[in-house]
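> The structure that follows is given in the form of structure tokens.
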Amino acid sequence: MDVERLRLTGKDDEGDLVIRLGDGRFLVVEAKNARFEPAAFVGEAETERANFAKHRGLDPAAVDSVVIVRRRGANWRRAYVLTTVEAYFELEPQ
């Protein structure tokens, strides 16, 4: 597994980290240490996933995204991981 820290690119931001999964797939990670707003966080991660795929000419289906939200008073291993049911179970969009 290969992890890379991504640079801020303004309105075309691509997330905070990308993990190359080794099978031609990527996982874009949006890291948050802020007031818990799951819908906004997941929406941002989905936009950044699309930006990452577009900027690299990748099939969007090869790029997934999650949000990692730090829990106050806990170390990073106790953080929350957010995504949608659709993405988690790899369901077709409706």
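In the structure tokens, chains take letters A, B, ... by order of appearance, with residues numbered from 1 within each chain and ligands from 1 in the order shown.
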Mind the document's chain letters and residue numbers, and return as a list in words the residues of segment 27-86 of chain A that DSSP labels alpha helix (DSSP H).
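Taking segment 27-86 of chain A and keeping alpha helix (DSSP H) only, one gets Pro38, Ala39, Ala40, Phe41, Val42, Gly43, Glu44, Ala45, Glu46, Thr47, Glu48, Arg49, Ala50, Asn51, Phe52, Ala53, Lys54, His55, Arg56, Val85 and Glu86 of chain A.
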> For segment 46-56 of chain A, list every protein, DNA or RNA residue within 7 Å, evaluated using only C-alpha atoms, and leave out those in the same chain fewer than 2 positions away; present the list as a list of chain:residue names.
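Counting only C-alpha atoms, the residues come to A:Asp12, A:Asp13, A:Glu14, A:Gly15, A:Val28, A:Val42, A:Gly43, A:Glu44, A:Leu58, A:Asp59, A:Pro60, A:Val63, A:Asp64, A:Ser65.
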> Tell me which of A:Ala74, A:Glu4, A:Phe41, A:Arg25 sits closest to Ala61 of chain A, counting only C-alpha atoms.
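Ranking A:Ala74, A:Glu4, A:Phe41, A:Arg25 by distance to Ala61 of chain A, first place goes to A:Arg25.
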> State, in Å with one decimal place, the distance from atom CA of Glu30 of chain A to atom CA of Val69 of chain A.
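These two atoms are separated by 8.5 Å.
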> Report the distance between atom CA of Phe36 of chain A and atom CA of Val67 of chain A in Å, rounded to one decimal place.
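Between atom CA of Phe36 of chain A and atom CA of Val67 of chain A the gap works out to 11.2 Å.
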> Nearest to Asp23 of chain A among A:Ile68, A:Pro93, A:Val3, A:Ala62, with distances taken over only C-alpha atoms: which residue is it?
A:Ala62
> Rounded to one decimal, what separation in Å do you get between atom CA of Ala31 of chain A and atom CA of Val81 of chain A?
9.4 Å
> Of the candidates A:Gln94, A:Asn33, A:Gly22, A:Gly57, which one gets nearest to Trp76 of chain A if we count only C-alpha atoms?
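Of A:Gln94, A:Asn33, A:Gly22, A:Gly57, the one nearest Trp76 of chain A, counting only C-alpha atoms, is A:Asn33.
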> Quick one: of A:Leu91, A:Leu82, A:Leu8, A:Val66, who's nearest to Val29 of chain A, counting only C-alpha atoms?
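Using only C-alpha atoms, Val29 of chain A sits closest to A:Val66.
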> If you run DSSP over the backbone, which residues in chain A end up strand (DSSP E)? Put them as a PDB file with all heavy atoms, in the first residue's frame.

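That gives us result-v5.pdb:
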ATOM      1  N   ASP A   2       0.570   2.192  -0.838  1.00  0.00           N
ATOM      2  CA  ASP A   2       1.353   3.404  -1.004  1.00  0.00           C
ATOM      3  C   ASP A   2       0.461   4.602  -0.668  1.00  0.00           C
ATOM      4  O   ASP A   2      -0.633   4.726  -1.219  1.00  0.00           O
ATOM      5  CB  ASP A   2       1.839   3.477  -2.454  1.00  0.00           C
ATOM      6  CG  ASP A   2       2.681   4.700  -2.749  1.00  0.00           C
ATOM      7  OD1 ASP A   2       3.301   5.244  -1.824  1.00  0.00           O
ATOM      8  OD2 ASP A   2       2.709   5.110  -3.918  1.00  0.00           O
ATOM      9  N   VAL A   3       0.906   5.461   0.239  1.00  0.00           N
ATOM     10  CA  VAL A   3       0.131   6.625   0.666  1.00  0.00           C
ATOM     11  C   VAL A   3       0.882   7.887   0.267  1.00  0.00           C
ATOM     12  O   VAL A   3       2.091   7.998   0.468  1.00  0.00           O
ATOM     13  CB  VAL A   3      -0.088   6.623   2.194  1.00  0.00           C
ATOM     14  CG1 VAL A   3      -0.891   7.835   2.628  1.00  0.00           C
ATOM     15  CG2 VAL A   3      -0.763   5.336   2.637  1.00  0.00           C
ATOM     16  N   GLU A   4       0.147   8.848  -0.294  1.00  0.00           N
ATOM     17  CA  GLU A   4       0.740  10.129  -0.702  1.00  0.00           C
ATOM     18  C   GLU A   4      -0.094  11.271  -0.131  1.00  0.00           C
ATOM     19  O   GLU A   4      -1.320  11.242  -0.188  1.00  0.00           O
ATOM     20  CB  GLU A   4       0.746  10.228  -2.226  1.00  0.00           C
ATOM     21  CG  GLU A   4       1.254  11.544  -2.765  1.00  0.00           C
ATOM     22  CD  GLU A   4       1.101  11.655  -4.277  1.00  0.00           C
ATOM     23  OE1 GLU A   4       0.914  10.625  -4.951  1.00  0.00           O
ATOM     24  OE2 GLU A   4       1.144  12.796  -4.780  1.00  0.00           O
ATOM     25  N   ARG A   5       0.594  12.274   0.413  1.00  0.00           N
ATOM     26  CA  ARG A   5      -0.085  13.487   0.870  1.00  0.00           C
ATOM     27  C   ARG A   5      -0.332  14.358  -0.355  1.00  0.00           C
ATOM     28  O   ARG A   5       0.576  14.606  -1.147  1.00  0.00           O
ATOM     29  CB  ARG A   5       0.786  14.217   1.883  1.00  0.00           C
ATOM     30  CG  ARG A   5       0.153  15.481   2.404  1.00  0.00           C
ATOM     31  CD  ARG A   5       1.083  16.137   3.421  1.00  0.00           C
ATOM     32  NE  ARG A   5       0.351  16.845   4.408  1.00  0.00           N
ATOM     33  CZ  ARG A   5      -0.180  16.348   5.526  1.00  0.00           C
ATOM     34  NH1 ARG A   5      -0.045  15.095   5.799  1.00  0.00           N
ATOM     35  NH2 ARG A   5      -0.831  17.082   6.375  1.00  0.00           N
ATOM     36  N   LEU A  17      -5.120  12.967   1.402  1.00  0.00           N
ATOM     37  CA  LEU A  17      -4.233  11.826   1.151  1.00  0.00           C
ATOM     38  C   LEU A  17      -4.834  10.972   0.048  1.00  0.00           C
ATOM     39  O   LEU A  17      -6.044  10.961  -0.146  1.00  0.00           O
ATOM     40  CB  LEU A  17      -4.109  10.935   2.393  1.00  0.00           C
ATOM     41  CG  LEU A  17      -3.623  11.554   3.682  1.00  0.00           C
ATOM     42  CD1 LEU A  17      -3.849  10.598   4.843  1.00  0.00           C
ATOM     43  CD2 LEU A  17      -2.157  11.903   3.575  1.00  0.00           C
ATOM     44  N   VAL A  18      -3.978  10.241  -0.645  1.00  0.00           N
ATOM     45  CA  VAL A  18      -4.462   9.213  -1.565  1.00  0.00           C
ATOM     46  C   VAL A  18      -3.697   7.933  -1.248  1.00  0.00           C
ATOM     47  O   VAL A  18      -2.492   7.949  -1.010  1.00  0.00           O
ATOM     48  CB  VAL A  18      -4.326   9.600  -3.054  1.00  0.00           C
ATOM     49  CG1 VAL A  18      -2.877   9.752  -3.472  1.00  0.00           C
ATOM     50  CG2 VAL A  18      -5.049   8.600  -3.935  1.00  0.00           C
ATOM     51  N   ILE A  19      -4.440   6.846  -1.220  1.00  0.00           N
ATOM     52  CA  ILE A  19      -3.850   5.530  -0.987  1.00  0.00           C
ATOM     53  C   ILE A  19      -3.976   4.743  -2.283  1.00  0.00           C
ATOM     54  O   ILE A  19      -5.071   4.582  -2.817  1.00  0.00           O
ATOM     55  CB  ILE A  19      -4.570   4.791   0.157  1.00  0.00           C
ATOM     56  CG1 ILE A  19      -4.501   5.618   1.440  1.00  0.00           C
ATOM     57  CG2 ILE A  19      -3.968   3.393   0.346  1.00  0.00           C
ATOM     58  CD1 ILE A  19      -5.371   5.092   2.559  1.00  0.00           C
ATOM     59  N   ARG A  20      -2.830   4.298  -2.803  1.00  0.00           N
ATOM     60  CA  ARG A  20      -2.827   3.429  -3.986  1.00  0.00           C
ATOM     61  C   ARG A  20      -2.995   2.006  -3.471  1.00  0.00           C
ATOM     62  O   ARG A  20      -2.151   1.508  -2.741  1.00  0.00           O
ATOM     63  CB  ARG A  20      -1.529   3.580  -4.768  1.00  0.00           C
ATOM     64  CG  ARG A  20      -1.431   4.903  -5.471  1.00  0.00           C
ATOM     65  CD  ARG A  20      -0.062   5.083  -6.139  1.00  0.00           C
ATOM     66  NE  ARG A  20       0.092   6.428  -6.636  1.00  0.00           N
ATOM     67  CZ  ARG A  20       0.464   7.479  -5.897  1.00  0.00           C
ATOM     68  NH1 ARG A  20       0.734   7.325  -4.630  1.00  0.00           N
ATOM     69  NH2 ARG A  20       0.565   8.672  -6.427  1.00  0.00           N
ATOM     70  N   PHE A  26      -7.688   3.534  -6.306  1.00  0.00           N
ATOM     71  CA  PHE A  26      -7.208   4.579  -5.405  1.00  0.00           C
ATOM     72  C   PHE A  26      -8.282   4.889  -4.370  1.00  0.00           C
ATOM     73  O   PHE A  26      -9.467   4.787  -4.658  1.00  0.00           O
ATOM     74  CB  PHE A  26      -6.914   5.869  -6.189  1.00  0.00           C
ATOM     75  CG  PHE A  26      -5.847   5.712  -7.227  1.00  0.00           C
ATOM     76  CD1 PHE A  26      -6.156   5.238  -8.497  1.00  0.00           C
ATOM     77  CD2 PHE A  26      -4.531   6.030  -6.943  1.00  0.00           C
ATOM     78  CE1 PHE A  26      -5.184   5.097  -9.461  1.00  0.00           C
ATOM     79  CE2 PHE A  26      -3.549   5.896  -7.900  1.00  0.00           C
ATOM     80  CZ  PHE A  26      -3.868   5.425  -9.161  1.00  0.00           C
ATOM     81  N   LEU A  27      -7.845   5.311  -3.183  1.00  0.00           N
ATOM     82  CA  LEU A  27      -8.746   5.761  -2.138  1.00  0.00           C
ATOM     83  C   LEU A  27      -8.317   7.164  -1.732  1.00  0.00           C
ATOM     84  O   LEU A  27      -7.223   7.348  -1.193  1.00  0.00           O
ATOM     85  CB  LEU A  27      -8.706   4.821  -0.927  1.00  0.00           C
ATOM     86  CG  LEU A  27      -9.603   5.213   0.238  1.00  0.00           C
ATOM     87  CD1 LEU A  27     -11.083   5.169  -0.168  1.00  0.00           C
ATOM     88  CD2 LEU A  27      -9.340   4.303   1.428  1.00  0.00           C
ATOM     89  N   VAL A  28      -9.167   8.138  -2.001  1.00  0.00           N
ATOM     90  CA  VAL A  28      -8.913   9.526  -1.619  1.00  0.00           C
ATOM     91  C   VAL A  28      -9.453   9.718  -0.200  1.00  0.00           C
ATOM     92  O   VAL A  28     -10.598   9.354   0.091  1.00  0.00           O
ATOM     93  CB  VAL A  28      -9.586  10.509  -2.598  1.00  0.00           C
ATOM     94  CG1 VAL A  28      -9.494  11.942  -2.087  1.00  0.00           C
ATOM     95  CG2 VAL A  28      -8.940  10.399  -3.970  1.00  0.00           C
ATOM     96  N   VAL A  29      -8.618  10.286   0.679  1.00  0.00           N
ATOM     97  CA  VAL A  29      -8.990  10.500   2.073  1.00  0.00           C
ATOM     98  C   VAL A  29      -9.093  11.996   2.338  1.00  0.00           C
ATOM     99  O   VAL A  29      -8.150  12.748   2.062  1.00  0.00           O
ATOM    100  CB  VAL A  29      -7.957   9.872   3.028  1.00  0.00           C
ATOM    101  CG1 VAL A  29      -8.299  10.175   4.480  1.00  0.00           C
ATOM    102  CG2 VAL A  29      -7.854   8.372   2.789  1.00  0.00           C
ATOM    103  N   GLU A  30     -10.217  12.415   2.867  1.00  0.00           N
ATOM    104  CA  GLU A  30     -10.412  13.782   3.338  1.00  0.00           C
ATOM    105  C   GLU A  30     -10.359  13.716   4.859  1.00  0.00           C
ATOM    106  O   GLU A  30     -11.165  13.013   5.482  1.00  0.00           O
ATOM    107  CB  GLU A  30     -11.761  14.325   2.865  1.00  0.00           C
ATOM    108  CG  GLU A  30     -12.080  15.713   3.337  1.00  0.00           C
ATOM    109  CD  GLU A  30     -11.119  16.774   2.823  1.00  0.00           C
ATOM    110  OE1 GLU A  30     -10.422  16.558   1.812  1.00  0.00           O
ATOM    111  OE2 GLU A  30     -11.069  17.844   3.444  1.00  0.00           O
ATOM    112  N   ALA A  31      -9.396  14.395   5.481  1.00  0.00           N
ATOM    113  CA  ALA A  31      -9.227  14.367   6.934  1.00  0.00           C
ATOM    114  C   ALA A  31      -9.848  15.618   7.546  1.00  0.00           C
ATOM    115  O   ALA A  31      -9.648  16.729   7.040  1.00  0.00           O
ATOM    116  CB  ALA A  31      -7.744  14.291   7.277  1.00  0.00           C
ATOM    117  N   LYS A  32     -10.605  15.426   8.629  1.00  0.00           N
ATOM    118  CA  LYS A  32     -11.287  16.539   9.282  1.00  0.00           C
ATOM    119  C   LYS A  32     -11.017  16.539  10.778  1.00  0.00           C
ATOM    120  O   LYS A  32     -11.034  15.495  11.429  1.00  0.00           O
ATOM    121  CB  LYS A  32     -12.806  16.446   9.066  1.00  0.00           C
ATOM    122  CG  LYS A  32     -13.234  16.643   7.630  1.00  0.00           C
ATOM    123  CD  LYS A  32     -12.972  18.056   7.202  1.00  0.00           C
ATOM    124  CE  LYS A  32     -13.529  18.344   5.830  1.00  0.00           C
ATOM    125  NZ  LYS A  32     -13.157  19.658   5.355  1.00  0.00           N
ATOM    126  N   VAL A  63     -11.686   5.121  -8.425  1.00  0.00           N
ATOM    127  CA  VAL A  63     -11.324   5.998  -7.310  1.00  0.00           C
ATOM    128  C   VAL A  63     -12.480   6.046  -6.311  1.00  0.00           C
ATOM    129  O   VAL A  63     -13.607   6.370  -6.677  1.00  0.00           O
ATOM    130  CB  VAL A  63     -10.992   7.424  -7.795  1.00  0.00           C
ATOM    131  CG1 VAL A  63     -10.549   8.304  -6.630  1.00  0.00           C
ATOM    132  CG2 VAL A  63      -9.927   7.399  -8.885  1.00  0.00           C
ATOM    133  N   ASP A  64     -12.195   5.701  -5.072  1.00  0.00           N
ATOM    134  CA  ASP A  64     -13.167   5.793  -3.987  1.00  0.00           C
ATOM    135  C   ASP A  64     -12.740   6.903  -3.042  1.00  0.00           C
ATOM    136  O   ASP A  64     -11.612   7.394  -3.124  1.00  0.00           O
ATOM    137  CB  ASP A  64     -13.247   4.470  -3.217  1.00  0.00           C
ATOM    138  CG  ASP A  64     -13.810   3.347  -4.056  1.00  0.00           C
ATOM    139  OD1 ASP A  64     -14.838   3.562  -4.722  1.00  0.00           O
ATOM    140  OD2 ASP A  64     -13.223   2.250  -4.045  1.00  0.00           O
ATOM    141  N   SER A  65     -13.626   7.269  -2.115  1.00  0.00           N
ATOM    142  CA  SER A  65     -13.266   8.295  -1.137  1.00  0.00           C
ATOM    143  C   SER A  65     -13.906   7.986   0.210  1.00  0.00           C
ATOM    144  O   SER A  65     -14.954   7.354   0.287  1.00  0.00           O
ATOM    145  CB  SER A  65     -13.698   9.678  -1.610  1.00  0.00           C
ATOM    146  OG  SER A  65     -15.104   9.757  -1.723  1.00  0.00           O
ATOM    147  N   VAL A  66     -13.230   8.432   1.260  1.00  0.00           N
ATOM    148  CA  VAL A  66     -13.748   8.376   2.627  1.00  0.00           C
ATOM    149  C   VAL A  66     -13.341   9.664   3.333  1.00  0.00           C
ATOM    150  O   VAL A  66     -12.434  10.363   2.903  1.00  0.00           O
ATOM    151  CB  VAL A  66     -13.223   7.169   3.433  1.00  0.00           C
ATOM    152  CG1 VAL A  66     -13.693   5.853   2.850  1.00  0.00           C
ATOM    153  CG2 VAL A  66     -11.722   7.207   3.593  1.00  0.00           C
ATOM    154  N   VAL A  67     -14.039   9.920   4.427  1.00  0.00           N
ATOM    155  CA  VAL A  67     -13.680  11.028   5.303  1.00  0.00           C
ATOM    156  C   VAL A  67     -13.242  10.414   6.626  1.00  0.00           C
ATOM    157  O   VAL A  67     -13.899   9.512   7.140  1.00  0.00           O
ATOM    158  CB  VAL A  67     -14.875  11.969   5.560  1.00  0.00           C
ATOM    159  CG1 VAL A  67     -14.464  13.131   6.450  1.00  0.00           C
ATOM    160  CG2 VAL A  67     -15.477  12.452   4.266  1.00  0.00           C
ATOM    161  N   ILE A  68     -12.127  10.883   7.160  1.00  0.00           N
ATOM    162  CA  ILE A  68     -11.702  10.478   8.500  1.00  0.00           C
ATOM    163  C   ILE A  68     -11.869  11.702   9.391  1.00  0.00           C
ATOM    164  O   ILE A  68     -11.301  12.756   9.118  1.00  0.00           O
ATOM    165  CB  ILE A  68     -10.245   9.982   8.509  1.00  0.00           C
ATOM    166  CG1 ILE A  68     -10.144   8.728   7.642  1.00  0.00           C
ATOM    167  CG2 ILE A  68      -9.784   9.724   9.946  1.00  0.00           C
ATOM    168  CD1 ILE A  68      -8.750   8.165   7.531  1.00  0.00           C
ATOM    169  N   VAL A  69     -12.698  11.549  10.440  1.00  0.00           N
ATOM    170  CA  VAL A  69     -13.016  12.656  11.341  1.00  0.00           C
ATOM    171  C   VAL A  69     -12.458  12.347  12.723  1.00  0.00           C
ATOM    172  O   VAL A  69     -12.818  11.337  13.332  1.00  0.00           O
ATOM    173  CB  VAL A  69     -14.536  12.875  11.444  1.00  0.00           C
ATOM    174  CG1 VAL A  69     -14.839  14.096  12.307  1.00  0.00           C
ATOM    175  CG2 VAL A  69     -15.175  13.004  10.072  1.00  0.00           C
ATOM    176  N   TYR A  80     -13.513   8.536  13.330  1.00  0.00           N
ATOM    177  CA  TYR A  80     -14.635   7.999  12.562  1.00  0.00           C
ATOM    178  C   TYR A  80     -14.262   7.961  11.089  1.00  0.00           C
ATOM    179  O   TYR A  80     -13.558   8.843  10.586  1.00  0.00           O
ATOM    180  CB  TYR A  80     -15.871   8.884  12.712  1.00  0.00           C
ATOM    181  CG  TYR A  80     -16.374   8.991  14.127  1.00  0.00           C
ATOM    182  CD1 TYR A  80     -16.231  10.172  14.835  1.00  0.00           C
ATOM    183  CD2 TYR A  80     -16.995   7.913  14.743  1.00  0.00           C
ATOM    184  CE1 TYR A  80     -16.707  10.282  16.133  1.00  0.00           C
ATOM    185  CE2 TYR A  80     -17.469   8.019  16.039  1.00  0.00           C
ATOM    186  CZ  TYR A  80     -17.323   9.199  16.728  1.00  0.00           C
ATOM    187  OH  TYR A  80     -17.783   9.312  18.004  1.00  0.00           O
ATOM    188  N   VAL A  81     -14.770   6.976  10.372  1.00  0.00           N
ATOM    189  CA  VAL A  81     -14.617   6.893   8.929  1.00  0.00           C
ATOM    190  C   VAL A  81     -16.008   7.015   8.327  1.00  0.00           C
ATOM    191  O   VAL A  81     -16.910   6.237   8.663  1.00  0.00           O
ATOM    192  CB  VAL A  81     -13.965   5.570   8.487  1.00  0.00           C
ATOM    193  CG1 VAL A  81     -13.880   5.491   6.972  1.00  0.00           C
ATOM    194  CG2 VAL A  81     -12.582   5.429   9.114  1.00  0.00           C
ATOM    195  N   LEU A  82     -16.197   8.006   7.454  1.00  0.00           N
ATOM    196  CA  LEU A  82     -17.501   8.265   6.848  1.00  0.00           C
ATOM    197  C   LEU A  82     -17.489   7.981   5.352  1.00  0.00           C
ATOM    198  O   LEU A  82     -16.536   8.305   4.654  1.00  0.00           O
ATOM    199  CB  LEU A  82     -17.895   9.737   7.027  1.00  0.00           C
ATOM    200  CG  LEU A  82     -17.985  10.282   8.438  1.00  0.00           C
ATOM    201  CD1 LEU A  82     -18.294  11.774   8.379  1.00  0.00           C
ATOM    202  CD2 LEU A  82     -19.045   9.544   9.218  1.00  0.00           C
TER     203      LEU A  82
END
